[in-house]
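Q: Next comes the structure file query_28.tsv, holding TSV, C-alpha atoms.
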chain	number	residue	atom	x	y	z
S	1	MET	CA	0.00	0.00	0.00
S	2	GLN	CA	1.28	3.40	-0.93
S	3	GLU	CA	1.89	5.77	1.95
S	4	ASP	CA	0.77	8.74	-0.15
S	5	SER	CA	-2.85	7.55	-0.08
S	6	SER	CA	-2.96	8.40	3.63
S	7	ARG	CA	-5.59	10.99	4.46
S	8	SER	CA	-5.62	13.64	7.16
S	9	PRO	CA	-8.49	13.50	9.67
S	10	SER	CA	-11.75	15.09	8.51
S	11	TYR	CA	-11.99	16.82	11.92
S	12	THR	CA	-9.90	17.13	15.06
S	13	VAL	CA	-10.72	18.19	18.61
S	14	ALA	CA	-7.95	19.36	20.95
S	15	CYS	CA	-7.62	17.66	24.36
S	16	GLU	CA	-5.52	18.59	27.36
S	17	ASP	CA	-3.81	15.23	27.74
S	18	TYR	CA	-2.95	11.99	25.98
S	19	VAL	CA	-6.12	10.06	25.05
S	20	HIS	CA	-5.98	6.35	25.80
S	21	VAL	CA	-9.59	5.32	25.09
S	22	VAL	CA	-12.42	6.99	23.19
S	23	GLU	CA	-16.03	5.80	22.80
S	24	PHE	CA	-19.08	7.19	21.07
S	25	SER	CA	-22.25	6.17	22.88
S	26	PRO	CA	-23.97	3.60	20.63
S	27	PHE	CA	-27.31	4.80	22.02
S	28	SER	CA	-29.41	7.88	21.26
S	29	SER	CA	-28.84	10.72	23.72
S	30	GLY	CA	-32.39	12.00	23.17
S	31	THR	CA	-30.92	15.09	21.48
S	32	PRO	CA	-29.43	15.62	17.98
S	33	ALA	CA	-25.89	15.42	19.40
S	34	SER	CA	-23.99	12.21	20.17
S	35	LEU	CA	-22.41	11.46	23.52
S	36	LEU	CA	-18.66	10.87	23.42
S	37	ALA	CA	-16.29	9.94	26.26
S	38	TYR	CA	-12.53	9.85	26.22
S	39	GLY	CA	-10.11	8.90	28.95
S	40	GLY	CA	-6.43	8.84	29.76
S	41	ASN	CA	-4.29	9.16	32.85
S	42	GLN	CA	-6.63	9.73	35.81
S	43	TYR	CA	-9.49	11.37	33.93
S	44	VAL	CA	-12.56	10.79	31.79
S	45	VAL	CA	-14.09	13.66	29.79
S	46	VAL	CA	-17.71	13.37	28.67
S	47	GLY	CA	-19.01	15.64	25.93
S	48	THR	CA	-21.41	15.95	23.01
S	49	CYS	CA	-20.48	15.95	19.31
S	50	LEU	CA	-22.42	17.41	16.44
S	51	PHE	CA	-20.99	17.32	12.90
S	52	GLN	CA	-21.66	19.46	9.85
S	53	GLU	CA	-23.14	16.38	8.15
S	54	GLU	CA	-25.89	16.50	10.80
S	55	ASP	CA	-26.38	20.26	11.05
S	56	MET	CA	-25.67	22.61	8.13
S	57	GLU	CA	-24.95	25.53	10.45
S	58	ILE	CA	-21.92	23.85	12.02
S	59	GLU	CA	-18.46	24.20	10.55
S	60	GLY	CA	-16.72	20.86	10.95
S	61	VAL	CA	-17.46	19.57	14.45
S	62	GLU	CA	-18.99	21.18	17.52
S	63	PHE	CA	-17.67	19.49	20.67
S	64	ASN	CA	-19.06	20.55	24.04
S	65	VAL	CA	-17.55	19.25	27.28
S	66	LEU	CA	-20.28	18.29	29.74
S	67	ARG	CA	-18.04	17.19	32.58
S	68	ALA	CA	-14.53	15.97	33.38
S	69	PHE	CA	-14.47	13.11	35.91
S	70	HIS	CA	-11.47	12.36	38.08
S	71	HIS	CA	-10.37	8.72	37.69
S	72	GLU	CA	-7.91	7.35	40.22
S	73	LEU	CA	-5.65	5.79	37.61
S	74	ARG	CA	-5.31	5.27	33.87
S	75	VAL	CA	-8.48	4.30	32.00
S	76	ASP	CA	-7.92	1.09	30.02
S	77	ALA	CA	-11.45	0.53	28.67
S	78	LEU	CA	-14.81	2.29	28.76
S	79	ALA	CA	-18.42	1.37	27.93
S	80	TRP	CA	-21.61	3.46	27.74
S	81	SER	CA	-24.91	2.58	29.37
S	82	PRO	CA	-28.12	2.87	27.30
S	83	GLU	CA	-29.49	4.82	30.29
S	84	SER	CA	-27.27	7.81	29.43
S	85	ARG	CA	-29.56	10.52	28.09
S	86	LEU	CA	-29.61	14.31	27.90
S	87	ASP	CA	-33.31	14.96	27.40
S	88	ARG	CA	-35.65	15.15	30.42
S	89	ILE	CA	-33.42	14.80	33.53
S	90	PRO	CA	-29.83	14.43	32.22
S	91	THR	CA	-28.19	11.16	33.27
S	92	ILE	CA	-24.69	10.07	32.38
S	93	ARG	CA	-23.72	6.48	33.15
S	94	PHE	CA	-20.65	4.65	31.96
S	95	CYS	CA	-18.26	2.00	33.24
S	96	THR	CA	-14.47	1.97	33.09
S	97	ALA	CA	-11.75	-0.62	33.57
S	98	GLY	CA	-8.59	0.50	35.33
S	99	ALA	CA	-5.09	-0.89	35.71
S	100	ASP	CA	-5.96	-2.00	39.27
S	101	ARG	CA	-8.20	-4.78	37.81
S	102	LYS	CA	-11.35	-3.03	39.00
S	103	LEU	CA	-14.41	-1.76	37.19
S	104	ARG	CA	-15.84	1.64	38.09
S	105	LEU	CA	-19.47	2.45	37.40
S	106	LEU	CA	-19.93	6.24	37.21
S	107	THR	CA	-23.38	7.83	37.36
S	108	SER	CA	-23.95	11.59	37.25
S	109	ASP	CA	-26.76	14.06	36.68
S	110	LEU	CA	-24.06	16.56	35.56
S	111	GLN	CA	-24.91	18.74	38.58
S	112	ASP	CA	-24.76	17.63	42.21
S	113	ARG	CA	-25.29	13.86	42.05
S	114	HIS	CA	-22.16	11.93	41.20
S	115	GLU	CA	-21.70	8.31	42.24
S	116	VAL	CA	-18.86	5.86	41.68
S	117	LYS	CA	-19.32	2.15	42.38
S	118	VAL	CA	-16.16	0.02	42.39
S	119	MET	CA	-16.53	-3.60	41.26
S	120	GLU	CA	-13.86	-6.09	42.27
S	121	GLY	CA	-13.37	-9.69	41.21
S	122	HIS	CA	-11.01	-9.89	38.26
S	123	THR	CA	-7.51	-11.01	39.20
S	124	SER	CA	-5.73	-9.69	36.12
S	125	TYR	CA	-5.87	-6.95	33.47
S	126	ILE	CA	-9.38	-6.19	32.11
S	127	ASN	CA	-9.34	-5.96	28.31
S	128	HIS	CA	-12.89	-5.00	27.36
S	129	LEU	CA	-16.37	-4.41	28.78
S	130	VAL	CA	-19.90	-3.79	27.52
S	131	PHE	CA	-23.37	-2.95	28.87
S	132	GLU	CA	-26.39	-5.10	28.09
S	133	PRO	CA	-27.90	-2.84	25.39
S	134	THR	CA	-31.66	-3.10	25.90
S	135	GLU	CA	-32.00	-2.05	29.55
S	136	GLY	CA	-28.42	-1.50	30.72
S	137	LYS	CA	-28.87	-3.41	33.98
S	138	GLN	CA	-25.88	-5.70	33.44
S	139	ILE	CA	-22.20	-5.29	32.47
S	140	ALA	CA	-19.95	-7.98	30.96
S	141	SER	CA	-16.15	-7.80	31.21
S	142	VAL	CA	-13.30	-9.99	29.95
S	143	SER	CA	-9.84	-10.27	31.42
S	144	ASP	CA	-6.39	-11.84	31.21
S	145	ASP	CA	-7.55	-13.96	34.17
S	146	HIS	CA	-9.29	-16.31	31.64
S	147	THR	CA	-12.81	-15.25	32.67
S	148	CYS	CA	-15.79	-13.36	31.34
S	149	ARG	CA	-17.82	-11.95	34.25
S	150	VAL	CA	-21.34	-10.54	34.21
S	151	TRP	CA	-22.21	-7.98	36.89
S	152	ASP	CA	-25.35	-6.22	38.04
S	153	LEU	CA	-25.33	-2.49	38.76
S	154	ASP	CA	-24.81	-3.10	42.49
S	155	GLY	CA	-21.47	-4.72	41.68
S	156	ASN	CA	-22.59	-8.31	42.26
S	157	GLU	CA	-21.20	-10.95	39.94
S	158	SER	CA	-24.09	-12.94	38.47
S	159	THR	CA	-22.18	-15.15	36.03
S	160	THR	CA	-18.58	-16.27	35.58
S	161	LEU	CA	-17.62	-17.96	32.31
S	162	ARG	CA	-14.29	-19.82	32.43
S	163	LEU	CA	-12.23	-19.30	29.28
S	164	GLY	CA	-9.38	-21.29	27.74
S	165	SER	CA	-7.13	-18.22	27.37
S	166	PRO	CA	-7.28	-14.47	28.11
S	167	GLY	CA	-10.60	-12.82	27.20
S	168	ILE	CA	-9.97	-10.05	24.64
S	169	SER	CA	-13.38	-8.76	23.45
S	170	VAL	CA	-16.99	-9.11	24.59
S	171	CYS	CA	-20.17	-8.08	22.71
S	172	TRP	CA	-23.85	-8.33	23.59
S	173	HIS	CA	-26.56	-9.26	21.09
S	174	PRO	CA	-28.54	-6.06	20.29
S	175	GLU	CA	-31.96	-7.58	21.02
S	176	GLU	CA	-31.47	-10.94	22.75
S	177	ALA	CA	-30.19	-10.12	26.23
S	178	PHE	CA	-29.14	-13.71	26.95
S	179	LYS	CA	-26.66	-13.94	24.03
S	180	LEU	CA	-23.05	-12.90	24.52
S	181	MET	CA	-20.00	-13.14	22.23
S	182	VAL	CA	-16.59	-13.67	23.87
S	183	ALA	CA	-13.32	-13.63	21.92
S	184	GLU	CA	-10.22	-15.30	23.36
S	185	LYS	CA	-6.58	-14.50	22.70
S	186	LYS	CA	-5.82	-18.00	21.41
S	187	GLY	CA	-8.13	-17.35	18.45
S	188	THR	CA	-11.51	-18.79	19.49
S	189	ILE	CA	-14.73	-16.74	19.46
S	190	ARG	CA	-17.65	-18.27	21.35
S	191	PHE	CA	-21.32	-17.36	21.61
S	192	TYR	CA	-22.85	-18.07	25.01
S	193	ASP	CA	-26.38	-18.54	26.26
S	194	LEU	CA	-26.34	-16.73	29.61
S	195	VAL	CA	-29.39	-18.68	30.84
S	196	THR	CA	-27.63	-22.05	30.60
S	197	GLN	CA	-24.13	-20.50	30.79
S	198	GLN	CA	-23.10	-22.77	27.92
S	199	ALA	CA	-21.45	-22.01	24.58
S	200	ILE	CA	-23.96	-22.44	21.74
S	201	LEU	CA	-21.57	-21.79	18.83
S	202	SER	CA	-17.90	-21.09	18.21
S	203	VAL	CA	-15.69	-19.92	15.35
S	204	ASP	CA	-11.91	-20.01	15.08
S	205	CYS	CA	-9.22	-17.77	13.60
S	206	GLY	CA	-6.84	-20.62	12.99
S	207	GLN	CA	-4.12	-18.26	14.23
S	208	SER	CA	-3.19	-16.32	17.34
S	209	PRO	CA	-2.93	-13.98	19.07
S	210	LEU	CA	-6.39	-12.66	18.38
S	211	MET	CA	-6.19	-8.98	19.37
S	212	SER	CA	-9.76	-7.70	18.90
S	213	ALA	CA	-13.15	-8.94	17.68
S	214	ASP	CA	-16.52	-7.32	17.04
S	215	TRP	CA	-20.07	-8.48	16.35
S	216	CYS	CA	-21.82	-6.66	13.51
S	217	LEU	CA	-24.86	-5.34	15.35
S	218	THR	CA	-26.69	-4.31	12.17
S	219	ASN	CA	-26.35	-7.87	10.80
S	220	THR	CA	-25.57	-10.34	13.58
S	221	ILE	CA	-24.53	-13.20	11.31
S	222	LYS	CA	-21.28	-11.27	10.69
S	223	VAL	CA	-18.33	-11.34	13.05
S	224	GLY	CA	-14.95	-9.72	12.43
S	225	ALA	CA	-11.57	-9.85	14.13
S	226	VAL	CA	-7.89	-9.05	13.78
S	227	ALA	CA	-5.17	-11.61	14.50
S	228	GLY	CA	-1.51	-11.18	13.64
S	229	ASN	CA	-1.38	-8.85	10.61
S	230	ASP	CA	-4.75	-9.96	9.22
S	231	TRP	CA	-8.42	-9.09	9.42
S	232	LEU	CA	-10.92	-11.94	9.28
S	233	ILE	CA	-14.69	-12.03	8.68
S	234	TRP	CA	-17.10	-14.89	9.45
S	235	ASP	CA	-20.66	-15.64	8.42
S	236	ILE	CA	-21.62	-17.61	11.53
S	237	THR	CA	-24.51	-19.36	9.74
S	238	ARG	CA	-22.14	-20.88	7.18
S	239	SER	CA	-18.89	-22.03	8.72
S	240	SER	CA	-16.66	-21.88	11.76
S	241	TYR	CA	-13.85	-20.83	9.39
S	242	PRO	CA	-13.48	-17.25	8.11
S	243	GLN	CA	-15.27	-16.37	4.87
S	244	GLU	CA	-12.66	-13.71	4.16
S	245	LYS	CA	-9.17	-13.02	5.42
S	246	ARG	CA	-6.71	-10.36	4.27
S	247	PRO	CA	-3.40	-8.93	5.46
S	248	ALA	CA	-3.96	-5.40	6.75
S	249	HIS	CA	-1.17	-3.96	8.89
S	250	ILE	CA	2.55	-4.63	8.44
S	251	ASP	CA	3.29	-4.04	12.14
S	252	LYS	CA	0.42	-6.24	13.43
S	253	ALA	CA	-3.21	-5.24	13.79
S	254	ARG	CA	-4.62	-4.01	17.09
S	255	LEU	CA	-8.37	-3.21	16.90
S	256	PHE	CA	-11.37	-4.22	14.76
S	257	LYS	CA	-14.68	-2.31	14.81
S	258	TRP	CA	-17.76	-2.56	12.58
S	259	SER	CA	-19.47	0.62	11.42
S	260	ARG	CA	-22.92	1.14	12.94
S	261	ALA	CA	-24.12	2.95	9.80
S	262	ASN	CA	-23.20	0.36	7.16
S	263	GLU	CA	-22.88	-3.40	7.68
S	264	ASN	CA	-20.17	-3.69	5.01
S	265	LEU	CA	-17.89	-1.06	6.52
S	266	PHE	CA	-15.30	-1.73	9.22
S	267	ALA	CA	-12.11	-0.21	10.57
S	268	THR	CA	-8.85	-1.69	11.82
S	269	THR	CA	-5.90	-0.06	13.54
S	270	GLY	CA	-2.26	-1.06	13.68
S	271	CYS	CA	-0.41	-1.63	16.93
S	272	PRO	CA	0.72	1.60	18.57
S	273	GLY	CA	4.36	1.86	19.59
S	274	LYS	CA	5.91	3.64	16.70
S	275	ILE	CA	5.30	7.37	16.25
S	276	CYS	CA	2.10	6.84	14.29
S	277	SER	CA	-0.73	4.34	14.49
S	278	GLN	CA	-2.33	3.41	11.20
S	279	LEU	CA	-6.11	3.48	10.67
S	280	LEU	CA	-7.58	1.52	7.77
S	281	ILE	CA	-11.23	1.67	6.74
S	282	HIS	CA	-12.39	-1.31	4.69
S	283	HIS	CA	-15.49	-2.08	2.66
S	284	LEU	CA	-16.40	-5.73	2.06
S	285	GLY	CA	-16.94	-5.03	-1.64
S	286	HIS	CA	-13.45	-3.60	-2.15
S	287	PRO	CA	-10.15	-5.52	-2.24
S	288	GLN	CA	-8.15	-2.56	-0.88
S	289	PRO	CA	-8.88	-0.27	2.08
S	290	VAL	CA	-11.21	2.56	1.05
S	291	MET	CA	-9.35	4.98	3.35
S	292	ILE	CA	-6.00	5.14	5.12
S	293	GLY	CA	-5.28	7.49	7.98
S	294	SER	CA	-2.83	7.77	10.85
S	295	ALA	CA	-2.65	9.42	14.25
S	296	THR	CA	0.30	10.23	16.48
S	297	VAL	CA	0.51	7.46	19.10
S	298	GLY	CA	-3.14	6.75	18.38
S	299	SER	CA	-5.23	4.47	20.54
S	300	GLY	CA	-8.87	3.55	20.88
S	301	LEU	CA	-11.34	3.30	18.00
S	302	SER	CA	-15.06	3.96	17.88
S	303	TRP	CA	-17.75	4.52	15.23
S	304	HIS	CA	-20.50	7.13	15.31
S	305	ARG	CA	-24.00	5.75	15.88
S	306	THR	CA	-25.49	6.88	12.55
S	307	LEU	CA	-22.72	8.43	10.41
S	308	PRO	CA	-19.95	6.53	8.56
S	309	LEU	CA	-17.46	8.35	10.80
S	310	CYS	CA	-14.95	6.94	13.26
S	311	VAL	CA	-12.68	8.43	15.91
S	312	ILE	CA	-9.34	7.49	17.41
S	313	GLY	CA	-7.55	9.14	20.31
S	314	GLY	CA	-4.03	10.48	20.14
S	315	ASP	CA	-1.55	12.86	21.65
S	316	ARG	CA	-3.71	15.71	23.02
S	317	LYS	CA	-6.36	15.34	20.35
S	318	LEU	CA	-9.22	13.33	18.94
S	319	CYS	CA	-9.07	12.53	15.23
S	320	PHE	CA	-12.30	11.93	13.26
S	321	TRP	CA	-12.49	10.43	9.77
S	322	MET	CA	-15.61	10.65	7.65
S	323	THR	CA	-15.89	7.92	5.01
S	324	GLU	CA	-17.47	8.88	1.69
S	325	MET	CA	-19.69	5.96	0.74
Can you present the structure in this file as C-alpha cells?
A:
Amino acid sequence: MQEDSSRSPSYTVACEDYVHVVEFSPFSSGTPASLLAYGGNQYVVVGTCLFQEEDMEIEGVEFNVLRAFHHELRVDALAWSPESRLDRIPTIRFCTAGADRKLRLLTSDLQDRHEVKVMEGHTSYINHLVFEPTEGKQIASVSDDHTCRVWDLDGNESTTLRLGSPGISVCWHPEEAFKLMVAEKKGTIRFYDLVTQQAILSVDCGQSPLMSADWCLTNTIKVGAVAGNDWLIWDITRSSYPQEKRPAHIDKARLFKWSRANENLFATTGCPGKICSQLLIHHLGHPQPVMIGSATVGSGLSWHRTLPLCVIGGDRKLCFWMTEM
C-alpha cells in the first residue's frame, strides 16, 4: 500500500492530555448530538459531538464538554450505558476498567449527584467491557484472568464464564439479552447462552494472538476480528472458518470495529508503539482499504451511531475520519 494515499483526519478536537480510550455512545442521547467519552491518565471527559453532516450551520465539528471526571488511575477501557440521556433529567452512566483490575461504574446528573461504584473480582488486566444494550442493567467484562464476568449495577457478579485463554473482546446481542459473544486470545470466538451458561456456537481464527473482535450489530450473522497482521470475517450461519481473510497492517493489527451505519464497513488499527498508528477503513466489496489514515501514538477506536465516521484518540487530540460511501 502506498503511503501517499494516507488521508488527514476530517476533523480534530484538541484535548488537554494523551487520550488512551475513546467511545461514542452507541445509544441515542435523546438530542441531535452524540455522547462521546474519552479517557487517559486519571481522567474521563464526557461531551457531546455534532458534525456538519448532521447540522448545516456547524463548521466541521462542535464538541461541548459536559463534565470531566477524576479517575484514580489510567483508563484502560470504557463502555456506555443505554441509560445515558440528555433529554428530560440528564443522566450520564458509563463504566471503566482500570489498571488496578477493578471496574468503576460512574453515574452523574451533571450537577450535584455523582456516584462511583467500584466492582472487584477480576484477578488480572481487564481488556474489554460492555453494557447489556436493551436495559443496561448488566455489564460484561473480559480479562487476562481467563474469565468473562457478568455484573449487576450493584457490583454483584451474576455469572462467571471460564475461558481457555485471556478474554480479549466481549459483545452483547442487540436484542437478545441472553446472548453474549466472547473472543479469546488464542483465536476462538464463542457465543454463550447466559441462561444455561453454555457455549452455543464457536468460530476459530486458525491463528493467534487474536487482538480484537466485534459483532456486527446491524447484521448479527457477521463477526470480524484481527489476529496477527490480518483481518478476518465470518458468516456464523455458514462455517466456523473465516469467509474472508486479508493482510492489513505490516506491524500487526490491534483493533477491529464494525461501522454502525453500514454493515459492510469496518475499521482496523495497527499496533501503537511507533510514532504513528495506522487506521484503515475497509469495505467488504473492495479488495483494498477505502481509506487510510494515521494518528500520532493513536489508541482507541469507535464509530458514530449513525454516520460513517470513526474516531481514534491520540496525543492531546481526537481525530475523526468521515468515510465517503
Q: Work out how far apart atom CA of Asn262 of chain S and atom CA of Thr218 of chain S are and give it in Å to one decimal.
A: 7.7 Å
Q: Figure out the distance between atom CA of Pro26 of chain S and atom CA of Glu57 of chain S, please, to one decimal in Å.
A: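 Result for atom CA of Glu57 of chain S versus atom CA of Pro26 of chain S: 24.2 Å, one decimal.
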Q: Return the single residue from S:Thr48, S:Ser165, S:Asn264, S:Gln111 that is closest to Thr31 of chain S, with distances computed using only C-alpha atoms.
A: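 Comparing S:Thr48, S:Ser165, S:Asn264, S:Gln111 against Thr31 of chain S, the winner is S:Thr48.
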Q: Report, in Å to a single decimal, how far apart atom CA of Pro133 of chain S and atom CA of Trp151 of chain S are.
A: 13.8 Å
Q: Looking at all atoms listed in the file, which of S:Arg101, S:Arg67, S:Arg7, S:Lys222 is the one that sits closest to Pro242 of chain S?
A: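 Using all atoms listed in the file, the shortest distance to Pro242 of chain S belongs to S:Lys222.
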Q: Restricting the calculation to all atoms listed in the file, which member of S:Val150, S:Leu309, S:Leu232, S:Ala37 is positioned closest to Ser10 of chain S?
A: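 The closest residue to Ser10 of chain S is S:Leu309.
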Q: S:His173, S:His283, S:His249, S:His71: which is nearest Glu132 of chain S, counting all atoms listed in the file?
A: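 Checking each candidate against Glu132 of chain S, we get S:His173 as the closest.
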Q: Contacts of Lys252 of chain S at 8 Å or less, counting only C-alpha atoms, minus same-chain residues fewer than 2 places along, as an mmCIF file with C-alpha atoms, in the coordinates of the input?
A:
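So the final result, stored in result09.cif, reads:
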data_model
loop_
_atom_site.group_PDB
_atom_site.id
_atom_site.type_symbol
_atom_site.label_atom_id
_atom_site.label_comp_id
_atom_site.auth_asym_id
_atom_site.auth_seq_id
_atom_site.Cartn_x
_atom_site.Cartn_y
_atom_site.Cartn_z
ATOM 1 C CA ALA S 227 -5.170 -11.610 14.500
ATOM 2 C CA GLY S 228 -1.510 -11.180 13.640
ATOM 3 C CA ASN S 229 -1.380 -8.850 10.610
ATOM 4 C CA ASP S 230 -4.750 -9.960 9.220
ATOM 5 C CA HIS S 249 -1.170 -3.960 8.890
ATOM 6 C CA ILE S 250 2.550 -4.630 8.440
ATOM 7 C CA ARG S 254 -4.620 -4.010 17.090
ATOM 8 C CA GLY S 270 -2.260 -1.060 13.680
ATOM 9 C CA CYS S 271 -0.410 -1.630 16.930
#
Q: Missing atoms in segment 261-270 of chain S should be modelled up to all heavy atoms and reported as a CSV table (one decimal), keeping the file's coordinate frame.
A:
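out-v8.csv was written with the following content:
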chain,number,residue,atom,x,y,z
S,261,ALA,N,-23.3,2.3,10.9
S,261,ALA,CA,-24.1,3.0,9.8
S,261,ALA,C,-24.2,2.1,8.6
S,261,ALA,O,-25.1,2.2,7.8
S,261,ALA,CB,-23.5,4.3,9.4
S,262,ASN,N,-23.3,1.1,8.4
S,262,ASN,CA,-23.2,0.4,7.2
S,262,ASN,C,-22.6,-1.0,7.5
S,262,ASN,O,-21.5,-1.1,8.0
S,262,ASN,CB,-22.3,1.1,6.1
S,262,ASN,CG,-22.2,0.4,4.8
S,262,ASN,OD1,-22.2,-0.8,4.7
S,262,ASN,ND2,-22.1,1.2,3.7
S,263,GLU,N,-23.3,-2.1,7.3
S,263,GLU,CA,-22.9,-3.4,7.7
S,263,GLU,C,-21.7,-3.9,6.9
S,263,GLU,O,-21.1,-5.0,7.2
S,263,GLU,CB,-24.0,-4.4,7.6
S,263,GLU,CG,-24.5,-4.7,6.2
S,263,GLU,CD,-25.5,-5.8,6.1
S,263,GLU,OE1,-26.7,-5.6,6.6
S,263,GLU,OE2,-25.2,-6.9,5.6
S,264,ASN,N,-21.3,-3.2,5.8
S,264,ASN,CA,-20.2,-3.7,5.0
S,264,ASN,C,-18.9,-2.9,5.3
S,264,ASN,O,-17.9,-3.1,4.7
S,264,ASN,CB,-20.5,-3.6,3.5
S,264,ASN,CG,-21.6,-4.6,3.1
S,264,ASN,OD1,-21.4,-5.8,3.4
S,264,ASN,ND2,-22.6,-4.1,2.4
S,265,LEU,N,-19.0,-2.0,6.2
S,265,LEU,CA,-17.9,-1.1,6.5
S,265,LEU,C,-17.3,-1.4,7.9
S,265,LEU,O,-18.0,-1.6,8.8
S,265,LEU,CB,-18.4,0.4,6.6
S,265,LEU,CG,-17.6,1.6,6.2
S,265,LEU,CD1,-17.0,1.5,4.8
S,265,LEU,CD2,-18.4,2.8,6.4
S,266,PHE,N,-15.9,-1.5,7.9
S,266,PHE,CA,-15.3,-1.7,9.2
S,266,PHE,C,-13.9,-1.1,9.2
S,266,PHE,O,-13.4,-0.7,8.2
S,266,PHE,CB,-15.2,-3.2,9.5
S,266,PHE,CG,-14.4,-4.0,8.6
S,266,PHE,CD1,-13.0,-4.3,8.8
S,266,PHE,CD2,-15.0,-4.5,7.4
S,266,PHE,CE1,-12.3,-5.1,7.9
S,266,PHE,CE2,-14.2,-5.3,6.5
S,266,PHE,CZ,-12.9,-5.6,6.7
S,267,ALA,N,-13.4,-0.9,10.4
S,267,ALA,CA,-12.1,-0.2,10.6
S,267,ALA,C,-11.2,-1.1,11.4
S,267,ALA,O,-11.6,-1.9,12.2
S,267,ALA,CB,-12.3,1.1,11.3
S,268,THR,N,-9.9,-1.0,11.0
S,268,THR,CA,-8.8,-1.7,11.8
S,268,THR,C,-7.7,-0.7,12.1
S,268,THR,O,-7.5,0.2,11.3
S,268,THR,CB,-8.3,-2.9,11.1
S,268,THR,OG1,-7.7,-2.5,9.8
S,268,THR,CG2,-9.3,-4.0,10.8
S,269,THR,N,-7.1,-0.9,13.2
S,269,THR,CA,-5.9,-0.1,13.5
S,269,THR,C,-4.7,-1.0,13.7
S,269,THR,O,-4.8,-2.1,14.1
S,269,THR,CB,-6.1,0.8,14.8
S,269,THR,OG1,-6.2,-0.1,16.0
S,269,THR,CG2,-7.3,1.7,14.7
S,270,GLY,N,-3.5,-0.4,13.4
S,270,GLY,CA,-2.3,-1.1,13.7
S,270,GLY,C,-1.8,-0.9,15.1
S,270,GLY,O,-2.3,0.0,15.9
